[in-house]
$ cat start_37.cif   # mmCIF, C-alpha atoms
data_final
loop_
_atom_site.group_PDB
_atom_site.id
_atom_site.type_symbol
_atom_site.label_atom_id
_atom_site.label_comp_id
_atom_site.auth_asym_id
_atom_site.auth_seq_id
_atom_site.Cartn_x
_atom_site.Cartn_y
_atom_site.Cartn_z
ATOM 1 C CA MET I 8 16.065 14.193 -22.680
ATOM 2 C CA ASN I 9 16.055 15.475 -26.222
ATOM 3 C CA ASN I 10 14.309 18.721 -26.996
ATOM 4 C CA LEU I 11 10.569 18.224 -26.829
ATOM 5 C CA ASN I 12 8.768 18.313 -30.157
ATOM 6 C CA VAL I 13 5.553 20.280 -30.731
ATOM 7 C CA PHE I 14 3.324 17.197 -30.382
ATOM 8 C CA SER I 15 4.956 16.187 -27.081
ATOM 9 C CA LYS I 16 4.562 19.716 -25.746
ATOM 10 C CA LEU I 17 0.904 19.917 -26.741
ATOM 11 C CA LYS I 18 0.170 16.519 -25.182
ATOM 12 C CA PHE I 19 1.939 17.563 -21.982
ATOM 13 C CA ILE I 20 -0.002 20.852 -21.784
ATOM 14 C CA LEU I 21 -3.320 19.011 -22.217
ATOM 15 C CA GLU I 22 -2.564 16.239 -19.712
ATOM 16 C CA LYS I 23 -0.722 18.383 -17.136
ATOM 17 C CA PRO I 24 0.884 15.373 -15.402
ATOM 18 C CA LYS I 25 2.695 15.584 -12.105
ATOM 19 C CA ILE I 26 6.465 15.471 -12.556
ATOM 20 C CA ILE I 27 9.064 14.248 -10.106
ATOM 21 C CA ILE I 28 12.638 15.296 -10.840
ATOM 22 C CA LEU I 29 15.271 13.188 -9.074
ATOM 23 C CA SER I 30 18.678 14.545 -8.204
ATOM 24 C CA GLY I 31 21.429 12.650 -6.418
ATOM 25 C CA GLU I 32 23.980 9.902 -6.862
ATOM 26 C CA ASN I 33 21.572 7.105 -5.876
ATOM 27 C CA ARG I 34 18.752 8.177 -8.210
ATOM 28 C CA GLN I 35 18.163 4.609 -9.397
ATOM 29 C CA ILE I 36 17.484 3.443 -5.837
ATOM 30 C CA MET I 37 15.061 6.335 -5.358
ATOM 31 C CA LYS I 38 13.393 5.541 -8.679
ATOM 32 C CA ASP I 39 12.958 1.872 -7.682
ATOM 33 C CA ALA I 40 11.525 2.863 -4.292
ATOM 34 C CA LEU I 41 9.219 5.394 -5.971
ATOM 35 C CA PHE I 42 7.862 2.788 -8.384
ATOM 36 C CA ARG I 43 6.952 0.649 -5.384
ATOM 37 C CA VAL I 44 5.411 3.537 -3.433
ATOM 38 C CA LEU I 45 3.479 4.902 -6.420
ATOM 39 C CA LYS I 46 2.439 1.604 -8.013
ATOM 40 C CA ASN I 47 -1.216 1.830 -6.990
ATOM 41 C CA TYR I 48 -1.320 5.636 -6.934
ATOM 42 C CA SER I 49 -0.543 6.150 -10.607
ATOM 43 C CA GLN I 50 -3.096 3.533 -11.690
ATOM 44 C CA ASN I 51 -5.869 5.325 -9.798
ATOM 45 C CA LYS I 52 -4.943 9.004 -9.799
ATOM 46 C CA GLY I 53 -3.390 9.868 -13.125
ATOM 47 C CA LYS I 54 -0.095 10.279 -14.866
ATOM 48 C CA ILE I 55 3.205 10.914 -13.107
ATOM 49 C CA LEU I 56 6.479 11.436 -14.970
ATOM 50 C CA ILE I 57 9.719 10.596 -13.182
ATOM 51 C CA LEU I 58 12.763 12.377 -14.619
ATOM 52 C CA GLU I 59 16.417 12.794 -13.660
ATOM 53 C CA THR I 60 18.318 16.085 -13.535
ATOM 54 C CA ASP I 61 21.268 14.832 -15.560
ATOM 55 C CA VAL I 62 19.105 14.111 -18.633
ATOM 56 C CA LEU I 63 17.046 17.313 -18.573
ATOM 57 C CA GLU I 64 17.920 20.173 -20.871
ATOM 58 C CA PRO I 65 17.314 23.571 -19.177
ATOM 59 C CA LYS I 66 14.655 24.709 -21.645
ATOM 60 C CA ASP I 67 12.848 21.348 -21.383
ATOM 61 C CA SER I 68 12.901 21.416 -17.568
ATOM 62 C CA ASN I 69 11.497 24.961 -17.575
ATOM 63 C CA PHE I 70 8.668 23.927 -19.908
ATOM 64 C CA LEU I 71 7.843 20.776 -17.929
ATOM 65 C CA ILE I 72 7.874 22.553 -14.566
ATOM 66 C CA LYS I 73 5.772 25.449 -15.831
ATOM 67 C CA ASN I 74 3.114 23.171 -17.354
ATOM 68 C CA SER I 75 2.975 20.412 -14.736
ATOM 69 C CA SER I 76 0.055 20.223 -12.328
ATOM 70 C CA LEU I 77 2.522 19.388 -9.523
ATOM 71 C CA PRO I 78 6.289 19.702 -10.054
ATOM 72 C CA ILE I 79 8.450 18.065 -7.375
ATOM 73 C CA LEU I 80 12.259 18.265 -7.164
ATOM 74 C CA VAL I 81 14.048 15.833 -4.822
ATOM 75 C CA ILE I 82 17.703 16.381 -3.875
ATOM 76 C CA THR I 83 19.419 13.652 -1.855
ATOM 77 C CA ASP I 84 23.122 14.509 -2.114
ATOM 78 C CA ASN I 85 25.676 16.832 -3.666
ATOM 79 C CA LYS I 86 27.991 14.349 -5.322
ATOM 80 C CA GLN I 87 29.279 14.771 -8.890
ATOM 81 C CA GLY I 88 28.315 18.449 -9.095
ATOM 82 C CA ILE I 89 24.605 17.705 -8.783
ATOM 83 C CA LEU I 90 23.878 20.745 -6.651
ATOM 84 C CA GLU I 91 24.529 23.304 -9.410
ATOM 85 C CA LYS I 92 21.988 21.840 -11.850
ATOM 86 C CA SER I 93 19.480 21.245 -9.017
ATOM 87 C CA GLN I 94 19.886 24.852 -7.918
ATOM 88 C CA THR I 95 18.958 26.065 -11.409
ATOM 89 C CA ILE I 96 15.827 23.894 -11.412
ATOM 90 C CA SER I 97 14.875 24.931 -7.860
ATOM 91 C CA LYS I 98 14.690 28.569 -8.938
ATOM 92 C CA THR I 99 12.045 27.729 -11.561
ATOM 93 C CA LEU I 100 9.739 25.808 -9.210
ATOM 94 C CA PRO I 101 6.417 27.641 -8.756
ATOM 95 C CA GLU I 102 4.605 28.057 -5.446
ATOM 96 C CA ARG I 103 2.378 25.056 -6.200
ATOM 97 C CA GLY I 104 5.471 22.846 -6.488
ATOM 98 C CA PHE I 105 7.588 21.091 -3.875
ATOM 99 C CA MET I 106 11.285 20.920 -3.202
ATOM 100 C CA VAL I 107 12.243 17.880 -1.132
ATOM 101 C CA LEU I 108 15.644 18.210 0.530
ATOM 102 C CA ASN I 109 18.096 16.078 2.490
ATOM 103 C CA PHE I 110 18.063 17.879 5.844
ATOM 104 C CA ASP I 111 21.341 16.255 6.937
ATOM 105 C CA ASP I 112 23.398 17.940 4.189
ATOM 106 C CA GLU I 113 24.095 21.608 4.983
ATOM 107 C CA GLU I 114 24.700 22.637 1.354
ATOM 108 C CA ILE I 115 21.462 21.038 0.191
ATOM 109 C CA LYS I 116 19.530 22.445 3.141
ATOM 110 C CA GLY I 117 20.730 25.891 2.058
ATOM 111 C CA LEU I 118 18.755 25.578 -1.199
ATOM 112 C CA LYS I 119 15.530 26.295 0.659
ATOM 113 C CA LYS I 120 16.275 30.001 0.139
ATOM 114 C CA GLU I 121 16.359 29.449 -3.637
ATOM 115 C CA THR I 122 12.721 28.597 -4.283
ATOM 116 C CA ALA I 123 9.157 29.811 -3.963
ATOM 117 C CA ALA I 124 7.924 26.200 -3.780
ATOM 118 C CA HIS I 125 6.757 24.324 -0.684
ATOM 119 C CA LEU I 126 9.574 22.629 1.213
ATOM 120 C CA LEU I 127 9.742 19.162 2.739
ATOM 121 C CA THR I 128 12.875 17.845 4.422
ATOM 122 C CA PHE I 129 13.998 14.314 5.278
ATOM 123 C CA GLY I 130 16.895 12.846 7.191
ATOM 124 C CA PHE I 131 18.213 11.343 10.410
ATOM 125 C CA GLN I 132 18.853 14.650 12.214
ATOM 126 C CA SER I 133 16.312 16.167 14.542
ATOM 127 C CA GLY I 134 14.401 18.877 12.686
ATOM 128 C CA ALA I 135 13.775 16.862 9.504
ATOM 129 C CA GLU I 136 10.066 16.681 8.723
ATOM 130 C CA VAL I 137 10.321 13.069 7.516
ATOM 131 C CA LEU I 138 12.580 11.830 10.303
ATOM 132 C CA ALA I 139 14.293 8.436 10.183
ATOM 133 C CA SER I 140 15.522 6.855 13.408
ATOM 134 C CA ASP I 141 16.489 3.564 15.047
ATOM 135 C CA MET I 142 18.172 2.143 11.943
ATOM 136 C CA LYS I 143 19.254 -1.483 12.362
ATOM 137 C CA GLU I 144 21.108 -3.781 10.016
ATOM 138 C CA ASN I 145 20.920 -7.561 10.312
ATOM 139 C CA GLY I 146 21.008 -8.802 6.733
ATOM 140 C CA HIS I 147 18.063 -6.491 6.104
ATOM 141 C CA ILE I 148 17.532 -2.842 7.007
ATOM 142 C CA ASN I 149 14.819 -1.563 9.250
ATOM 143 C CA PHE I 150 14.206 1.872 10.701
ATOM 144 C CA LYS I 151 11.352 4.053 11.871
ATOM 145 C CA ILE I 152 9.818 7.023 10.076
ATOM 146 C CA ASN I 153 8.252 9.824 12.076
ATOM 147 C CA TYR I 154 6.101 12.218 10.041
ATOM 148 C CA LYS I 155 3.739 14.675 11.733
ATOM 149 C CA GLY I 156 3.741 12.575 14.905
ATOM 150 C CA ASN I 157 2.931 9.303 13.110
ATOM 151 C CA ILE I 158 5.606 6.646 13.533
ATOM 152 C CA VAL I 159 5.799 3.650 11.211
ATOM 153 C CA PRO I 160 8.515 0.979 10.843
ATOM 154 C CA ILE I 161 10.107 0.511 7.427
ATOM 155 C CA TRP I 162 11.554 -2.881 6.501
ATOM 156 C CA LEU I 163 13.804 -3.191 3.459
ATOM 157 C CA LYS I 164 14.992 -6.518 2.101
ATOM 158 C CA GLU I 165 17.850 -4.954 0.171
ATOM 159 C CA PRO I 166 21.108 -4.393 2.077
ATOM 160 C CA TYR I 167 21.241 -0.592 1.674
ATOM 161 C CA ASN I 168 23.865 1.564 3.349
ATOM 162 C CA LYS I 169 22.993 4.822 5.107
ATOM 163 C CA GLU I 170 23.751 6.950 2.011
ATOM 164 C CA GLN I 171 21.309 4.884 -0.032
ATOM 165 C CA ILE I 172 18.641 5.180 2.686
ATOM 166 C CA TYR I 173 18.441 8.909 1.864
ATOM 167 C CA SER I 174 17.053 7.916 -1.549
ATOM 168 C CA VAL I 175 14.406 5.762 0.132
ATOM 169 C CA LEU I 176 13.557 8.696 2.428
ATOM 170 C CA GLY I 177 13.124 10.871 -0.665
ATOM 171 C CA ALA I 178 10.595 8.340 -2.030
ATOM 172 C CA VAL I 179 8.762 8.279 1.328
ATOM 173 C CA SER I 180 8.610 12.085 1.268
ATOM 174 C CA ILE I 181 7.066 12.076 -2.207
ATOM 175 C CA GLY I 182 4.472 9.572 -1.026
ATOM 176 C CA THR I 183 3.469 11.938 1.787
ATOM 177 C CA ILE I 184 3.173 14.862 -0.658
ATOM 178 C CA LEU I 185 0.779 12.742 -2.722
ATOM 179 C CA ASN I 186 -1.277 12.027 0.431
ATOM 180 C CA LEU I 187 -0.355 8.366 0.787
ATOM 181 C CA ASN I 188 -0.345 7.290 4.396
ATOM 182 C CA LEU I 189 2.797 5.959 6.009
ATOM 183 C CA VAL I 190 1.380 2.463 6.462
ATOM 184 C CA GLU I 191 0.723 2.189 2.706
ATOM 185 C CA ILE I 192 4.207 3.502 1.990
ATOM 186 C CA SER I 193 5.797 1.039 4.443
ATOM 187 C CA GLN I 194 3.905 -1.906 2.965
ATOM 188 C CA ALA I 195 4.877 -0.888 -0.577
ATOM 189 C CA LEU I 196 8.563 -0.668 0.340
ATOM 190 C CA ALA I 197 8.515 -4.025 2.134
ATOM 191 C CA SER I 198 7.072 -5.845 -0.892
#

$ encode --input "start_37.cif" --output "structure tokens"
Amino acid sequence: MNNLNVFSKLKFILEKPKIIILSGENRQIMKDALFRVLKNYSQNKGKILILETDVLEPKDSNFLIKNSSLPILVITDNKQGILEKSQTISKTLPERGFMVLNFDDEEIKGLKKETAAHLLTFGFQSGAEVLASDMKENGHINFKINYKGNIVPIWLKEPYNKEQIYSVLGAVSIGTILNLNLVEISQALAS
């Protein structure tokens, strides 16, 4: 992202959109899943900007996070040196924000000490708040999501591998932060 001009900054301050910052090797998969999950949300509940860590300049990310009504940072993996830039952003997240972390990755899980923001974790290991289980592959992928005692099946037409499923779990986590119910999220991902 190029440096924001004065007009862009003023518009952002007035609108105060929610921002979702994606970090991880499979960001495009997460972005695609997010567009499905948020399709109806953004039409009814206001503007959401989806950004990627590798295109954000530090001073732009600080401005956007500070002036967003709800900043959310999602970290799915630590490939290609992603963790360092994500760590810098995590330190700027305010208490009203969220940091969404892959619970199965020990280095990423360690970032929870780096922020004042709310935390939400996802993964396949017991202890993740958005817990995936019973993954099956038979040309398609299906698995179950357990969040706060609610269990919903997720059916994906695309032949994702387990690493790519973490990006889908990141999108599911964002949907829960925005108060979408799991059934709506499941239906959106299946479409």

$ resolve_selection --input "start_37.cif" --expression "the PyMOL selection byres ((chain I and resi 148) around 12)" --output "list in words"
Ser140, Asp141, Met142, Lys143, Glu144, Asn145, Gly146, His147, Asn149, Phe150, Lys151, Pro160, Ile161, Trp162, Leu163, Lys164, Glu165, Pro166, Tyr167, Asn168, Lys169, Gln171, Ile172, Val175, Leu196 and Ala197 of chain I

$ residues_around --input "start_37.cif" --residues "Ile79 of chain I" --least-positions-apart "6" --cutoff "10 Å" --atoms "all atoms listed in the file" --output "ChimeraX atom specification"
/I:25-29,57,72,97,100-101,103-107,124-126,181,184

$ atom_distance --input "start_37.cif" --atom1 "atom CA of Ala123 of chain I" --atom2 "atom CA of Gly177 of chain I"
19.6 Å

$ closest_residue --input "start_37.cif" --among "I:Arg34, I:Lys155, I:Lys92, I:Lys16" --to "Glu59 of chain I" --atoms "all atoms listed in the file"
I:Arg34

$ atom_distance --input "start_37.cif" --atom1 "atom CA of Val81 of chain I" --atom2 "atom CA of Phe42 of chain I"
14.9 Å

$ closest_residue --input "start_37.cif" --among "I:Leu45, I:Leu56, I:Ile36, I:Leu71" --to "Tyr173 of chain I" --atoms "all atoms listed in the file"
I:Ile36

$ atom_distance --input "start_37.cif" --atom1 "atom CA of Phe19 of chain I" --atom2 "atom CA of Lys54 of chain I"
10.4 Å

$ closest_residue --input "start_37.cif" --among "I:Leu80, I:Ala135, I:Leu187, I:Ile55" --to "Leu118 of chain I" --atoms "all atoms listed in the file"
I:Leu80

$ closest_residue --input "start_37.cif" --among "I:Ser133, I:Ser180, I:Asn188, I:Asn69" --to "Asn157 of chain I" --atoms "only C-alpha atoms"
I:Asn188

$ closest_residue --input "start_37.cif" --among "I:Glu102, I:Asp39, I:Glu113, I:Glu32" --to "Ile89 of chain I" --atoms "all atoms listed in the file"
I:Glu32

$ closest_residue --input "start_37.cif" --among "I:Ser76, I:Asn153, I:Thr95, I:Thr83" --to "Lys116 of chain I" --atoms "all atoms listed in the file"
I:Thr83

$ residues_around --input "start_37.cif" --residues "Ile115 of chain I" --least-positions-apart "2" --cutoff "10 Å" --atoms "only C-alpha atoms" --output "number ranges by chain"
I: 82-85, 90, 93-94, 107-113, 117-119

$ write_last_selection --input "start_37.cif" --atoms "C-alpha atoms" --output "PDB file, in the frame of the given file"
ATOM      1  CA  ILE I  82      17.703  16.381  -3.875  1.00  0.00           C
ATOM      2  CA  THR I  83      19.419  13.652  -1.855  1.00  0.00           C
ATOM      3  CA  ASP I  84      23.122  14.509  -2.114  1.00  0.00           C
ATOM      4  CA  ASN I  85      25.676  16.832  -3.666  1.00  0.00           C
ATOM      5  CA  LEU I  90      23.878  20.745  -6.651  1.00  0.00           C
ATOM      6  CA  SER I  93      19.480  21.245  -9.017  1.00  0.00           C
ATOM      7  CA  GLN I  94      19.886  24.852  -7.918  1.00  0.00           C
ATOM      8  CA  VAL I 107      12.243  17.880  -1.132  1.00  0.00           C
ATOM      9  CA  LEU I 108      15.644  18.210   0.530  1.00  0.00           C
ATOM     10  CA  ASN I 109      18.096  16.078   2.490  1.00  0.00           C
ATOM     11  CA  PHE I 110      18.063  17.879   5.844  1.00  0.00           C
ATOM     12  CA  ASP I 111      21.341  16.255   6.937  1.00  0.00           C
ATOM     13  CA  ASP I 112      23.398  17.940   4.189  1.00  0.00           C
ATOM     14  CA  GLU I 113      24.095  21.608   4.983  1.00  0.00           C
ATOM     15  CA  GLY I 117      20.730  25.891   2.058  1.00  0.00           C
ATOM     16  CA  LEU I 118      18.755  25.578  -1.199  1.00  0.00           C
ATOM     17  CA  LYS I 119      15.530  26.295   0.659  1.00  0.00           C
TER      18      LYS I 119
END

$ axis_aligned_box --input "start_37.cif" --around "segment 133-146 of chain I" --padding-each-side "6 Å" --output "AutoDock Vina command-line options"
--center_x 15.6 --center_y 5.0 --center_z 10.9 --size_x 23.0 --size_y 39.7 --size_z 20.3

$ residues_near_point --input "start_37.cif" --point "(4.5, 8.2, 7.6)" --cutoff "8 Å" --atoms "all atoms listed in the file" --output "ChimeraX atom specification"
/I:137,152-155,157-159,179,183,188-190,192-193

$ write_last_selection --input "start_37.cif" --atoms "C-alpha atoms" --output "compact mmCIF listing (two decimals), in the coordinates of the input"
# COMPACT_ATOMS: atom_id res chain seq x y z
CA VAL I 137 10.32 13.07 7.52
CA ILE I 152 9.82 7.02 10.08
CA ASN I 153 8.25 9.82 12.08
CA TYR I 154 6.10 12.22 10.04
CA LYS I 155 3.74 14.68 11.73
CA ASN I 157 2.93 9.30 13.11
CA ILE I 158 5.61 6.65 13.53
CA VAL I 159 5.80 3.65 11.21
CA VAL I 179 8.76 8.28 1.33
CA THR I 183 3.47 11.94 1.79
CA ASN I 188 -0.34 7.29 4.40
CA LEU I 189 2.80 5.96 6.01
CA VAL I 190 1.38 2.46 6.46
CA ILE I 192 4.21 3.50 1.99
CA SER I 193 5.80 1.04 4.44
